[in-house]
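Listing of my_file22.cif; format and content: mmCIF, C-alpha atoms and all ligand atoms.
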```
data_final
#
loop_
_atom_site.label_atom_id
_atom_site.label_comp_id
_atom_site.auth_asym_id
_atom_site.auth_seq_id
_atom_site.Cartn_x
_atom_site.Cartn_y
_atom_site.Cartn_z
CA MET A 25 30.31 -22.12 178.27
CA GLU A 26 27.30 -20.70 176.44
CA ILE A 27 26.40 -22.69 173.33
CA LYS A 28 26.05 -20.33 170.36
CA THR A 29 27.72 -22.23 167.54
CA PHE A 30 26.68 -25.81 166.95
CA GLY A 31 28.68 -28.16 164.75
CA VAL A 32 27.15 -31.07 162.85
CA ILE A 33 29.35 -33.68 161.17
CA GLY A 34 27.47 -35.26 158.27
CA ALA A 35 24.85 -33.64 156.03
CA GLY A 36 22.96 -36.84 155.25
CA GLN A 37 19.43 -37.69 156.34
CA MET A 38 20.24 -37.45 160.07
CA GLY A 39 22.81 -34.62 159.84
CA ASN A 40 20.62 -32.27 157.82
CA GLY A 41 17.67 -32.91 160.13
CA ILE A 42 19.77 -32.18 163.22
CA SER A 43 21.13 -29.02 161.54
CA GLN A 44 17.59 -27.90 160.78
CA VAL A 45 16.28 -28.31 164.34
CA ALA A 46 19.41 -26.68 165.79
CA ALA A 47 19.07 -23.67 163.46
CA ALA A 48 15.34 -23.51 164.25
CA SER A 49 16.22 -23.20 167.95
CA GLY A 50 18.29 -20.09 167.14
CA LEU A 51 21.80 -21.56 167.12
CA ASN A 52 24.36 -20.84 164.45
CA VAL A 53 25.10 -24.15 162.77
CA ILE A 54 28.16 -25.37 160.91
CA MET A 55 27.02 -28.29 158.74
CA ASN A 56 30.03 -30.30 157.64
CA ASP A 57 30.51 -33.17 155.23
CA ILE A 58 33.43 -34.49 153.20
CA LYS A 59 32.21 -33.27 149.81
CA THR A 60 30.60 -30.00 148.70
CA GLU A 61 27.88 -31.93 146.86
CA PHE A 62 26.88 -33.75 150.09
CA VAL A 63 26.56 -30.44 151.96
CA GLU A 64 24.63 -28.89 149.07
CA HIS A 65 22.28 -31.88 148.98
CA GLY A 66 21.72 -31.52 152.75
CA LEU A 67 20.97 -27.80 152.38
CA ALA A 68 18.60 -28.50 149.47
CA THR A 69 16.69 -31.01 151.63
CA ILE A 70 16.31 -28.50 154.46
CA THR A 71 15.25 -25.78 151.99
CA LYS A 72 12.58 -28.07 150.51
CA ILE A 73 11.12 -28.93 153.93
CA LEU A 74 11.10 -25.27 154.99
CA ALA A 75 9.49 -24.20 151.71
CA ARG A 76 6.70 -26.72 152.39
CA ASN A 77 6.30 -25.25 155.88
CA VAL A 78 5.95 -21.76 154.34
CA GLU A 79 3.31 -23.08 151.91
CA LYS A 80 1.40 -24.61 154.83
CA GLY A 81 1.55 -21.27 156.67
CA LYS A 82 3.66 -22.76 159.47
CA MET A 83 6.45 -20.21 159.01
CA THR A 84 7.06 -17.03 157.04
CA GLU A 85 9.42 -16.63 154.11
CA ASP A 86 11.55 -14.32 156.31
CA ASP A 87 11.77 -16.97 159.05
CA LYS A 88 12.79 -19.54 156.46
CA ASN A 89 15.54 -17.32 155.10
CA ALA A 90 16.75 -16.40 158.59
CA LEU A 91 16.92 -20.07 159.55
CA LEU A 92 18.83 -20.98 156.38
CA GLY A 93 21.14 -18.02 156.99
CA ARG A 94 22.15 -19.58 160.32
CA ILE A 95 23.48 -22.73 158.60
CA LYS A 96 27.04 -22.39 157.36
CA PRO A 97 28.18 -25.10 154.94
CA SER A 98 31.58 -26.64 155.59
CA THR A 99 33.84 -29.28 154.08
CA SER A 100 36.74 -28.79 156.47
CA LEU A 101 36.72 -30.34 159.93
CA GLN A 102 38.96 -27.43 161.00
CA ASP A 103 35.81 -25.24 160.95
CA MET A 104 34.77 -27.05 164.14
CA ALA A 105 37.41 -25.00 166.00
CA SER A 106 34.72 -22.34 166.52
CA ALA A 107 31.97 -24.76 167.63
CA ASP A 108 30.70 -24.78 171.24
CA PHE A 109 29.07 -28.21 170.89
CA VAL A 110 29.40 -30.82 168.14
CA VAL A 111 27.13 -33.67 167.11
CA GLU A 112 28.57 -36.31 164.80
CA ALA A 113 26.09 -37.92 162.41
CA ALA A 114 28.48 -39.46 159.87
CA THR A 115 28.11 -42.86 158.33
CA GLU A 116 27.66 -45.76 160.78
CA ASN A 117 31.16 -47.14 160.33
CA GLU A 118 33.41 -47.63 163.36
CA PRO A 119 36.85 -46.76 161.88
CA ILE A 120 35.40 -43.64 160.21
CA LYS A 121 33.73 -42.47 163.43
CA TYR A 122 36.90 -43.14 165.47
CA GLN A 123 38.98 -41.04 163.09
CA ILE A 124 36.43 -38.20 163.22
CA PHE A 125 36.49 -38.21 167.03
CA LYS A 126 40.30 -38.30 167.14
CA ASP A 127 40.41 -35.35 164.74
CA LEU A 128 37.67 -33.40 166.54
CA ASP A 129 39.46 -33.91 169.84
CA GLY A 130 42.49 -32.14 168.38
CA ILE A 131 40.51 -29.37 166.65
CA CYS A 132 37.76 -28.41 169.12
CA LYS A 133 38.24 -26.10 172.08
CA ALA A 134 38.91 -27.74 175.44
CA GLY A 135 35.67 -28.51 177.27
CA VAL A 136 33.53 -28.67 174.14
CA ILE A 137 31.13 -31.63 174.23
CA LEU A 138 31.39 -34.05 171.32
CA ALA A 139 28.16 -36.02 170.91
CA THR A 140 27.53 -38.90 168.57
CA ASN A 141 24.27 -39.79 166.89
CA THR A 142 25.39 -43.41 166.60
CA SER A 143 22.57 -45.93 166.59
CA SER A 144 24.76 -48.85 167.60
CA ILE A 145 28.40 -48.15 168.48
CA PRO A 146 29.19 -48.13 172.24
CA ILE A 147 29.71 -44.58 173.55
CA GLY A 148 32.55 -45.78 175.79
CA ARG A 149 34.44 -47.15 172.79
CA ILE A 150 34.14 -43.81 170.94
CA ALA A 151 35.14 -41.90 174.10
CA ALA A 152 38.29 -44.03 174.40
CA GLN A 153 39.50 -42.59 171.06
CA THR A 154 39.75 -39.12 172.63
CA GLY A 155 41.49 -37.36 175.47
CA ARG A 156 38.14 -36.01 176.75
CA PRO A 157 36.00 -39.09 177.57
CA GLN A 158 34.07 -37.09 180.17
CA GLN A 159 32.78 -34.85 177.34
CA ILE A 160 31.69 -37.64 175.00
CA ILE A 161 28.00 -38.61 174.94
CA GLY A 162 25.38 -40.18 172.70
CA MET A 163 22.55 -38.01 171.37
CA HIS A 164 20.43 -40.36 169.32
CA PHE A 165 17.89 -38.55 167.14
CA MET A 166 15.10 -40.38 165.34
CA ASN A 167 14.36 -40.23 161.62
CA PRO A 168 12.83 -37.95 160.28
CA VAL A 169 14.50 -35.65 162.79
CA PRO A 170 12.27 -32.56 162.32
CA VAL A 171 9.16 -34.66 163.06
CA MET A 172 10.18 -37.19 165.69
CA ARG A 173 9.98 -35.88 169.25
CA LEU A 174 12.50 -38.14 170.96
CA VAL A 175 16.23 -37.85 171.61
CA GLU A 176 17.90 -40.70 173.49
CA VAL A 177 20.67 -39.22 175.65
CA ILE A 178 23.30 -41.86 176.34
CA PRO A 179 26.11 -41.26 178.82
CA GLY A 180 29.13 -43.57 178.52
CA ILE A 181 30.88 -44.94 181.60
CA ALA A 182 33.20 -41.90 181.76
CA THR A 183 30.68 -39.16 180.77
CA SER A 184 30.41 -36.41 183.38
CA ASP A 185 27.11 -35.40 184.98
CA GLU A 186 27.63 -31.89 183.59
CA THR A 187 27.95 -33.21 180.02
CA PHE A 188 24.78 -35.23 180.52
CA LYS A 189 22.87 -32.20 181.88
CA ILE A 190 23.99 -29.86 179.07
CA SER A 191 23.09 -32.45 176.39
CA TRP A 192 19.70 -33.17 177.97
CA GLU A 193 18.89 -29.44 178.06
CA LEU A 194 20.06 -28.99 174.49
CA ALA A 195 17.64 -31.71 173.31
CA GLN A 196 14.88 -29.76 175.11
CA LYS A 197 16.00 -26.52 173.45
CA PHE A 198 15.53 -28.30 170.10
CA GLY A 199 11.90 -28.95 171.08
CA LYS A 200 12.54 -32.65 171.73
CA THR A 201 11.78 -34.85 174.71
CA PRO A 202 14.95 -36.52 175.97
CA ALA A 203 15.04 -40.00 177.48
CA ARG A 204 18.07 -41.44 179.25
CA ALA A 205 19.45 -44.74 178.00
CA ASN A 206 22.58 -46.33 179.41
CA ASP A 207 25.41 -47.54 177.22
CA TYR A 208 24.41 -51.12 176.34
CA PRO A 209 24.01 -52.47 172.79
CA GLY A 210 21.18 -50.78 170.89
CA PHE A 211 20.46 -48.50 173.88
CA ILE A 212 16.65 -48.54 174.36
CA ALA A 213 15.07 -47.54 171.03
CA ASN A 214 16.93 -49.91 168.76
CA ARG A 215 17.05 -52.78 171.26
CA ILE A 216 13.28 -52.88 171.08
CA LEU A 217 12.58 -51.63 167.54
CA LEU A 218 15.12 -53.62 165.51
CA PRO A 219 14.22 -57.13 166.75
CA MET A 220 10.62 -56.25 165.78
CA ILE A 221 11.72 -55.21 162.28
CA ASN A 222 14.00 -58.28 162.01
CA GLU A 223 11.05 -60.52 162.98
CA ALA A 224 8.96 -58.88 160.25
CA VAL A 225 11.72 -59.77 157.76
CA TYR A 226 11.64 -63.35 159.11
CA CYS A 227 7.87 -63.41 158.48
CA LEU A 228 8.54 -62.46 154.85
CA TYR A 229 11.45 -64.96 154.63
CA HIS A 230 9.30 -67.79 156.01
CA GLY A 231 6.38 -66.85 153.76
CA VAL A 232 4.06 -66.12 156.68
CA GLY A 233 2.77 -63.11 154.78
CA SER A 234 3.44 -60.74 151.90
CA ARG A 235 5.24 -57.45 152.57
CA GLU A 236 1.90 -55.63 152.28
CA ASP A 237 0.11 -57.99 154.70
CA ILE A 238 2.94 -57.85 157.25
CA ASP A 239 2.89 -54.04 157.16
CA THR A 240 -0.92 -53.86 157.22
CA VAL A 241 -1.05 -56.08 160.33
CA MET A 242 1.29 -53.79 162.25
CA LYS A 243 -0.21 -50.54 160.90
CA LEU A 244 -3.86 -51.30 161.45
CA GLY A 245 -3.56 -53.93 164.18
CA MET A 246 -1.11 -52.04 166.37
CA ASN A 247 -1.67 -48.47 165.19
CA HIS A 248 1.95 -48.03 164.12
CA PRO A 249 2.28 -45.05 161.73
CA MET A 250 4.00 -47.28 159.20
CA GLY A 251 4.61 -51.02 158.84
CA PRO A 252 7.98 -52.51 159.93
CA LEU A 253 9.16 -53.24 156.37
CA ALA A 254 8.35 -49.72 155.17
CA LEU A 255 10.08 -48.41 158.30
CA ALA A 256 13.15 -50.55 157.54
CA ASP A 257 13.26 -48.91 154.10
CA LEU A 258 13.10 -45.48 155.77
CA ILE A 259 15.88 -46.30 158.26
CA GLY A 260 18.05 -47.99 155.62
CA LEU A 261 18.52 -51.75 155.45
CA ASP A 262 22.29 -51.44 155.91
CA THR A 263 21.68 -49.54 159.16
CA CYS A 264 19.12 -52.15 160.26
CA LEU A 265 21.63 -54.94 159.61
CA ALA A 266 24.43 -53.06 161.39
CA ILE A 267 22.22 -52.62 164.47
CA MET A 268 21.21 -56.32 164.50
CA GLU A 269 24.90 -57.27 164.23
CA THR A 270 25.67 -54.98 167.18
CA LEU A 271 22.92 -56.58 169.28
CA TYR A 272 24.06 -60.08 168.28
CA ASP A 273 27.75 -59.37 168.93
CA GLY A 274 27.06 -57.47 172.13
CA PHE A 275 24.79 -60.01 173.82
CA LYS A 276 25.86 -63.24 172.05
CA ASP A 277 22.22 -64.22 172.21
CA SER A 278 20.74 -66.00 169.18
CA LYS A 279 17.48 -64.08 169.50
CA TYR A 280 19.29 -61.16 167.87
CA ARG A 281 20.56 -63.06 164.78
CA PRO A 282 19.89 -60.99 161.65
CA CYS A 283 17.49 -62.57 159.17
CA PRO A 284 19.38 -63.98 156.13
CA LEU A 285 16.92 -62.19 153.85
CA LEU A 286 17.90 -58.83 155.36
CA ARG A 287 21.56 -59.63 154.66
CA LYS A 288 20.73 -60.67 151.08
CA TYR A 289 18.99 -57.35 150.39
CA VAL A 290 21.94 -55.40 151.78
CA GLU A 291 24.42 -57.43 149.72
CA ALA A 292 22.36 -56.65 146.61
CA GLY A 293 22.57 -52.93 147.40
CA TRP A 294 18.83 -52.77 148.08
CA LEU A 295 19.12 -50.43 151.02
CA GLY A 296 15.64 -48.89 151.04
CA ARG A 297 14.53 -45.39 150.12
CA LYS A 298 18.03 -44.01 149.76
CA THR A 299 18.84 -46.39 146.89
CA GLY A 300 15.34 -46.40 145.42
CA LYS A 301 14.71 -50.03 146.32
CA GLY A 302 14.33 -52.01 149.52
CA PHE A 303 11.33 -54.09 150.50
CA TYR A 304 9.39 -51.62 148.32
CA ASP A 305 10.27 -49.90 145.06
CA TYR A 306 10.66 -46.10 145.13
CA ASN A 307 11.55 -45.47 141.50
N1 LIG B 1 11.30 -34.48 157.00
C1 LIG B 1 10.57 -33.48 157.54
N2 LIG B 1 9.24 -33.56 157.70
C2 LIG B 1 8.63 -34.67 157.29
C3 LIG B 1 9.33 -35.74 156.72
C4 LIG B 1 10.73 -35.60 156.57
N3 LIG B 1 11.50 -36.56 156.04
N4 LIG B 1 8.46 -36.74 156.43
C5 LIG B 1 7.24 -36.29 156.81
N5 LIG B 1 7.35 -35.05 157.33
C6 LIG B 1 6.26 -34.24 157.87
C7 LIG B 1 5.27 -33.88 156.81
O1 LIG B 1 5.66 -32.70 156.13
C8 LIG B 1 4.01 -33.69 157.61
O2 LIG B 1 4.02 -32.41 158.22
P1 LIG B 1 2.64 -31.63 158.57
O3 LIG B 1 2.00 -32.41 159.69
O4 LIG B 1 3.14 -30.30 158.98
O5 LIG B 1 1.84 -31.63 157.31
C9 LIG B 1 4.14 -34.73 158.72
O6 LIG B 1 5.55 -35.02 158.82
C10 LIG B 1 3.39 -35.99 158.41
O7 LIG B 1 3.84 -36.48 157.18
P2 LIG B 1 2.92 -37.15 156.06
O8 LIG B 1 1.53 -36.60 156.19
O9 LIG B 1 3.61 -37.03 154.75
O10 LIG B 1 2.96 -38.69 156.35
P3 LIG B 1 2.66 -39.49 157.66
O11 LIG B 1 1.58 -38.88 158.47
O12 LIG B 1 2.58 -40.88 157.21
O13 LIG B 1 4.01 -39.32 158.52
C11 LIG B 1 6.08 -40.16 159.21
C12 LIG B 1 5.25 -39.70 158.02
C13 LIG B 1 6.32 -39.01 160.16
C14 LIG B 1 7.41 -40.65 158.64
C15 LIG B 1 5.30 -41.30 159.95
O14 LIG B 1 4.97 -42.32 159.02
C16 LIG B 1 6.08 -41.92 161.09
O15 LIG B 1 6.09 -41.40 162.19
N6 LIG B 1 6.70 -43.08 160.82
C17 LIG B 1 7.51 -43.77 161.82
C18 LIG B 1 8.88 -43.14 161.88
C19 LIG B 1 9.74 -43.80 162.88
O16 LIG B 1 9.41 -44.77 163.54
N7 LIG B 1 10.97 -43.27 163.00
C20 LIG B 1 11.97 -43.85 163.87
C21 LIG B 1 12.88 -44.68 163.05
S1 LIG B 1 14.09 -45.42 164.06
C22 LIG B 1 15.35 -44.33 164.12
O17 LIG B 1 15.35 -43.31 163.52
C23 LIG B 1 16.49 -44.72 164.99
C24 LIG B 1 17.56 -45.53 164.40
O18 LIG B 1 18.67 -45.45 164.88
C25 LIG B 1 17.32 -46.55 163.39
#
```
Once more with this new file: its structure as structure tokens, please.
Amino acid sequence: MEIKTFGVIGAGQMGNGISQVAAASGLNVIMNDIKTEFVEHGLATITKILARNVEKGKMTEDDKNALLGRIKPSTSLQDMASADFVVEAATENEPIKYQIFKDLDGICKAGVILATNTSSIPIGRIAAQTGRPQQIIGMHFMNPVPVMRLVEVIPGIATSDETFKISWELAQKFGKTPARANDYPGFIANRILLPMINEAVYCLYHGVGSREDIDTVMKLGMNHPMGPLALADLIGLDTCLAIMETLYDGFKDSKYRPCPLLRKYVEAGWLGRKTGKGFYDYN
């Protein structure tokens, strides 16, 4: 089946980025979320990024308008009936994702691949919610999606080779470099990245250094583009905690225990950039 129409569930920071790169590759995109205001916010974010690209001379005004014209807003999951491939990038909450996959399985055409951008939920567990486990796969994009070059492609135990190949090639069509990760907690990216971030939070918790010094050490000492605490704020502290919990639950190894300070921030609603406050203040 030729992929012409690409469905994205979720218009948040990951969903709008995925919609943007899909539309930039020439696909027609249906960007879906539960509320009109969420979809409008997603479209506004894409429009702002594209306008900056026009200012920088990276694209023309006509290209920008053509790209935006390929993104159809949607608030009904039924719209996915016309999609040839769907990526789910909804909130990182297991019952919500399961319901979305159950619904998509009933709505989407037979044979359509349903990918998830989950950063922590096992692909096999999501696949088990559907009658098409061979067409369920993980496509894990990095934040910010338009900039980051990687997509982790994660087959579950039942995913077919054909599904894997189509998803791999789609990541390439989006201008990304795919890497294969098998379906174990945290896959590759988050299994390595999140314990590093969690250890940075422990350094703050134990008073080894200030937030600025911890970030400066990793930025200038290791040439990371941003320090681990600033990166945690970008990812979202709730997402960081959820991933640590997944690693801890999945391996039952104490090296993955989330730092109590990370939990305290999340409980206070200090989730990072998206709430205006995390390790740093954004107001
Ligand atoms: N959306 C689109 N474009 C963006 C952007 C965004 N949110 N943020 C920055 N950019 C663009 C800028 O417009 C700029 O483009 P040009 O080169 O065309 O001018 C370019 O990216 C560089 O941006 P800046 O000059 O503003 O700032 P910077 O050089 O510090 O880069 C950064 C910003 C790209 C975020 C960089 O700091 C970085 O790479 N940080 C690390 C990000 C990272 O590790 N992401 C992975 C997180 S883990 C994850 O996503 C997985 C998970 O499951 C948790």
Query raised in the report: ligand LIG 1 (chain B): which residues are within 10 Å, counting all atoms listed in the file, as a count of residues only?
Result: 58
If we count all atoms listed in the file and set the cut-off at 12 Å, which residues sit around Phe275 (chain A), ignoring sequence neighbours fewer than 4 positions away in its own chain? Please answer as a JSON list (two decimals) with C-alpha atoms, in the frame of the given file.
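The new file part-v9.json reads:
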```json
[["chain", "number", "residue", "atom", "x", "y", "z"],
["A", 208, "TYR", "CA", 24.41, -51.12, 176.34],
["A", 209, "PRO", "CA", 24.01, -52.47, 172.79],
["A", 210, "GLY", "CA", 21.18, -50.78, 170.89],
["A", 215, "ARG", "CA", 17.05, -52.78, 171.26],
["A", 268, "MET", "CA", 21.21, -56.32, 164.50],
["A", 269, "GLU", "CA", 24.90, -57.27, 164.23],
["A", 270, "THR", "CA", 25.67, -54.98, 167.18],
["A", 271, "LEU", "CA", 22.92, -56.58, 169.28],
["A", 279, "LYS", "CA", 17.48, -64.08, 169.50],
["A", 280, "TYR", "CA", 19.29, -61.16, 167.87],
["A", 281, "ARG", "CA", 20.56, -63.06, 164.78]]
```
Report task. Have a look at A:Gln123, A:Ser49, A:Thr183, A:Asn117 and name the one nearest to Asn206 (chain A); count only C-alpha atoms. Result ->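 So, comparing all the options, the nearest one is A:Thr183.
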Query raised in the report: By how many Å are CA of Gly245 (chain A) and CA of Tyr229 (chain A) apart?
Result: 20.9 Å
Query - Who sits within 10 Å of Asp87 (chain A), only C-alpha atoms, same chain under 4 positions skipped, as a ChimeraX atom specification - result: /A:48,74,78,82-83,91-93
With C-alpha atoms retained, export the selected residues as a short mmCIF file (atom, residue, chain, number, x, y, z; two decimals), keeping the file's coordinate frame.
```
data_model
loop_
_atom_site.label_atom_id
_atom_site.label_comp_id
_atom_site.auth_asym_id
_atom_site.auth_seq_id
_atom_site.Cartn_x
_atom_site.Cartn_y
_atom_site.Cartn_z
CA ALA A 48 15.34 -23.51 164.25
CA LEU A 74 11.10 -25.27 154.99
CA VAL A 78 5.95 -21.76 154.34
CA LYS A 82 3.66 -22.76 159.47
CA MET A 83 6.45 -20.21 159.01
CA LEU A 91 16.92 -20.07 159.55
CA LEU A 92 18.83 -20.98 156.38
CA GLY A 93 21.14 -18.02 156.99
#
```
Query raised in the report: CA of Phe303 (chain A) and CA of Ile216 (chain A) are how many Å apart?
Result: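 CA of Phe303 (chain A) sits 20.7 Å away from CA of Ile216 (chain A).
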Report task. Name all residues at most 10 Å from Ala114 (chain A) (count all atoms listed in the file; drop same-chain ones fewer than 3 positions away) and give them as a list of chain:residue names. Result -> A:Val32, A:Ile33, A:Gly34, A:Ala35, A:Gly36, A:Gln37, A:Met38, A:Gly39, A:Asn56, A:Asp57, A:Ile58, A:Val111, A:Asn117, A:Ile120, A:Lys121, A:Ile124, A:Thr140, A:Asn141, A:Thr142
Query - Shortest interatomic distance to Pro219 (chain A) - which of A:Ala182, A:Leu244, A:Cys283, A:Ala203, counting all atoms listed in the file - result: A:Cys283
Provide region 246-263 of chain A rebuilt to N, CA, C and O atoms, formatted as a PDB file, in the coordinates of the input.
```
ATOM      1  N   MET A 246      -1.846 -52.590 165.220  1.00  0.00           N
ATOM      2  CA  MET A 246      -1.110 -52.040 166.370  1.00  0.00           C
ATOM      3  C   MET A 246      -1.037 -50.512 166.331  1.00  0.00           C
ATOM      4  O   MET A 246      -0.365 -49.912 167.169  1.00  0.00           O
ATOM      5  N   ASN A 247      -1.686 -49.930 165.317  1.00  0.00           N
ATOM      6  CA  ASN A 247      -1.670 -48.470 165.190  1.00  0.00           C
ATOM      7  C   ASN A 247      -0.280 -47.872 165.031  1.00  0.00           C
ATOM      8  O   ASN A 247      -0.017 -46.770 165.505  1.00  0.00           O
ATOM      9  N   HIS A 248       0.646 -48.617 164.426  1.00  0.00           N
ATOM     10  CA  HIS A 248       1.950 -48.030 164.120  1.00  0.00           C
ATOM     11  C   HIS A 248       1.782 -47.109 162.906  1.00  0.00           C
ATOM     12  O   HIS A 248       1.016 -47.446 161.989  1.00  0.00           O
ATOM     13  N   PRO A 249       2.478 -45.967 162.868  1.00  0.00           N
ATOM     14  CA  PRO A 249       2.280 -45.050 161.730  1.00  0.00           C
ATOM     15  C   PRO A 249       2.696 -45.662 160.400  1.00  0.00           C
ATOM     16  O   PRO A 249       2.166 -45.301 159.358  1.00  0.00           O
ATOM     17  N   MET A 250       3.661 -46.561 160.426  1.00  0.00           N
ATOM     18  CA  MET A 250       4.000 -47.280 159.200  1.00  0.00           C
ATOM     19  C   MET A 250       4.390 -48.715 159.558  1.00  0.00           C
ATOM     20  O   MET A 250       4.773 -48.989 160.688  1.00  0.00           O
ATOM     21  N   GLY A 251       4.268 -49.625 158.580  1.00  0.00           N
ATOM     22  CA  GLY A 251       4.610 -51.020 158.840  1.00  0.00           C
ATOM     23  C   GLY A 251       6.112 -51.205 159.011  1.00  0.00           C
ATOM     24  O   GLY A 251       6.907 -50.363 158.573  1.00  0.00           O
ATOM     25  N   PRO A 252       6.551 -52.301 159.631  1.00  0.00           N
ATOM     26  CA  PRO A 252       7.980 -52.510 159.930  1.00  0.00           C
ATOM     27  C   PRO A 252       8.857 -52.605 158.682  1.00  0.00           C
ATOM     28  O   PRO A 252      10.015 -52.179 158.724  1.00  0.00           O
ATOM     29  N   LEU A 253       8.319 -53.118 157.569  1.00  0.00           N
ATOM     30  CA  LEU A 253       9.160 -53.240 156.370  1.00  0.00           C
ATOM     31  C   LEU A 253       9.322 -51.867 155.701  1.00  0.00           C
ATOM     32  O   LEU A 253      10.412 -51.513 155.244  1.00  0.00           O
ATOM     33  N   ALA A 254       8.253 -51.098 155.694  1.00  0.00           N
ATOM     34  CA  ALA A 254       8.350 -49.720 155.170  1.00  0.00           C
ATOM     35  C   ALA A 254       9.273 -48.897 156.071  1.00  0.00           C
ATOM     36  O   ALA A 254      10.054 -48.071 155.586  1.00  0.00           O
ATOM     37  N   LEU A 255       9.207 -49.140 157.368  1.00  0.00           N
ATOM     38  CA  LEU A 255      10.080 -48.410 158.300  1.00  0.00           C
ATOM     39  C   LEU A 255      11.537 -48.801 158.079  1.00  0.00           C
ATOM     40  O   LEU A 255      12.428 -47.946 158.115  1.00  0.00           O
ATOM     41  N   ALA A 256      11.779 -50.101 157.832  1.00  0.00           N
ATOM     42  CA  ALA A 256      13.150 -50.550 157.540  1.00  0.00           C
ATOM     43  C   ALA A 256      13.688 -49.818 156.313  1.00  0.00           C
ATOM     44  O   ALA A 256      14.843 -49.377 156.302  1.00  0.00           O
ATOM     45  N   ASP A 257      12.845 -49.651 155.301  1.00  0.00           N
ATOM     46  CA  ASP A 257      13.260 -48.910 154.100  1.00  0.00           C
ATOM     47  C   ASP A 257      13.589 -47.455 154.436  1.00  0.00           C
ATOM     48  O   ASP A 257      14.499 -46.862 153.848  1.00  0.00           O
ATOM     49  N   LEU A 258      12.835 -46.872 155.365  1.00  0.00           N
ATOM     50  CA  LEU A 258      13.100 -45.480 155.770  1.00  0.00           C
ATOM     51  C   LEU A 258      14.421 -45.390 156.533  1.00  0.00           C
ATOM     52  O   LEU A 258      15.241 -44.500 156.286  1.00  0.00           O
ATOM     53  N   ILE A 259      14.643 -46.311 157.454  1.00  0.00           N
ATOM     54  CA  ILE A 259      15.880 -46.300 158.260  1.00  0.00           C
ATOM     55  C   ILE A 259      17.089 -46.605 157.385  1.00  0.00           C
ATOM     56  O   ILE A 259      18.162 -46.025 157.559  1.00  0.00           O
ATOM     57  N   GLY A 260      16.920 -47.501 156.435  1.00  0.00           N
ATOM     58  CA  GLY A 260      18.050 -47.990 155.620  1.00  0.00           C
ATOM     59  C   GLY A 260      18.360 -49.414 156.046  1.00  0.00           C
ATOM     60  O   GLY A 260      18.599 -49.678 157.224  1.00  0.00           O
ATOM     61  N   LEU A 261      18.332 -50.346 155.075  1.00  0.00           N
ATOM     62  CA  LEU A 261      18.520 -51.750 155.450  1.00  0.00           C
ATOM     63  C   LEU A 261      19.934 -52.039 155.921  1.00  0.00           C
ATOM     64  O   LEU A 261      20.148 -52.919 156.760  1.00  0.00           O
ATOM     65  N   ASP A 262      20.910 -51.272 155.419  1.00  0.00           N
ATOM     66  CA  ASP A 262      22.290 -51.440 155.910  1.00  0.00           C
ATOM     67  C   ASP A 262      22.384 -51.045 157.381  1.00  0.00           C
ATOM     68  O   ASP A 262      23.028 -51.731 158.182  1.00  0.00           O
ATOM     69  N   THR A 263      21.688 -49.961 157.750  1.00  0.00           N
ATOM     70  CA  THR A 263      21.680 -49.540 159.160  1.00  0.00           C
ATOM     71  C   THR A 263      20.967 -50.592 160.008  1.00  0.00           C
ATOM     72  O   THR A 263      21.447 -50.941 161.096  1.00  0.00           O
TER      73      THR A 263
END
```
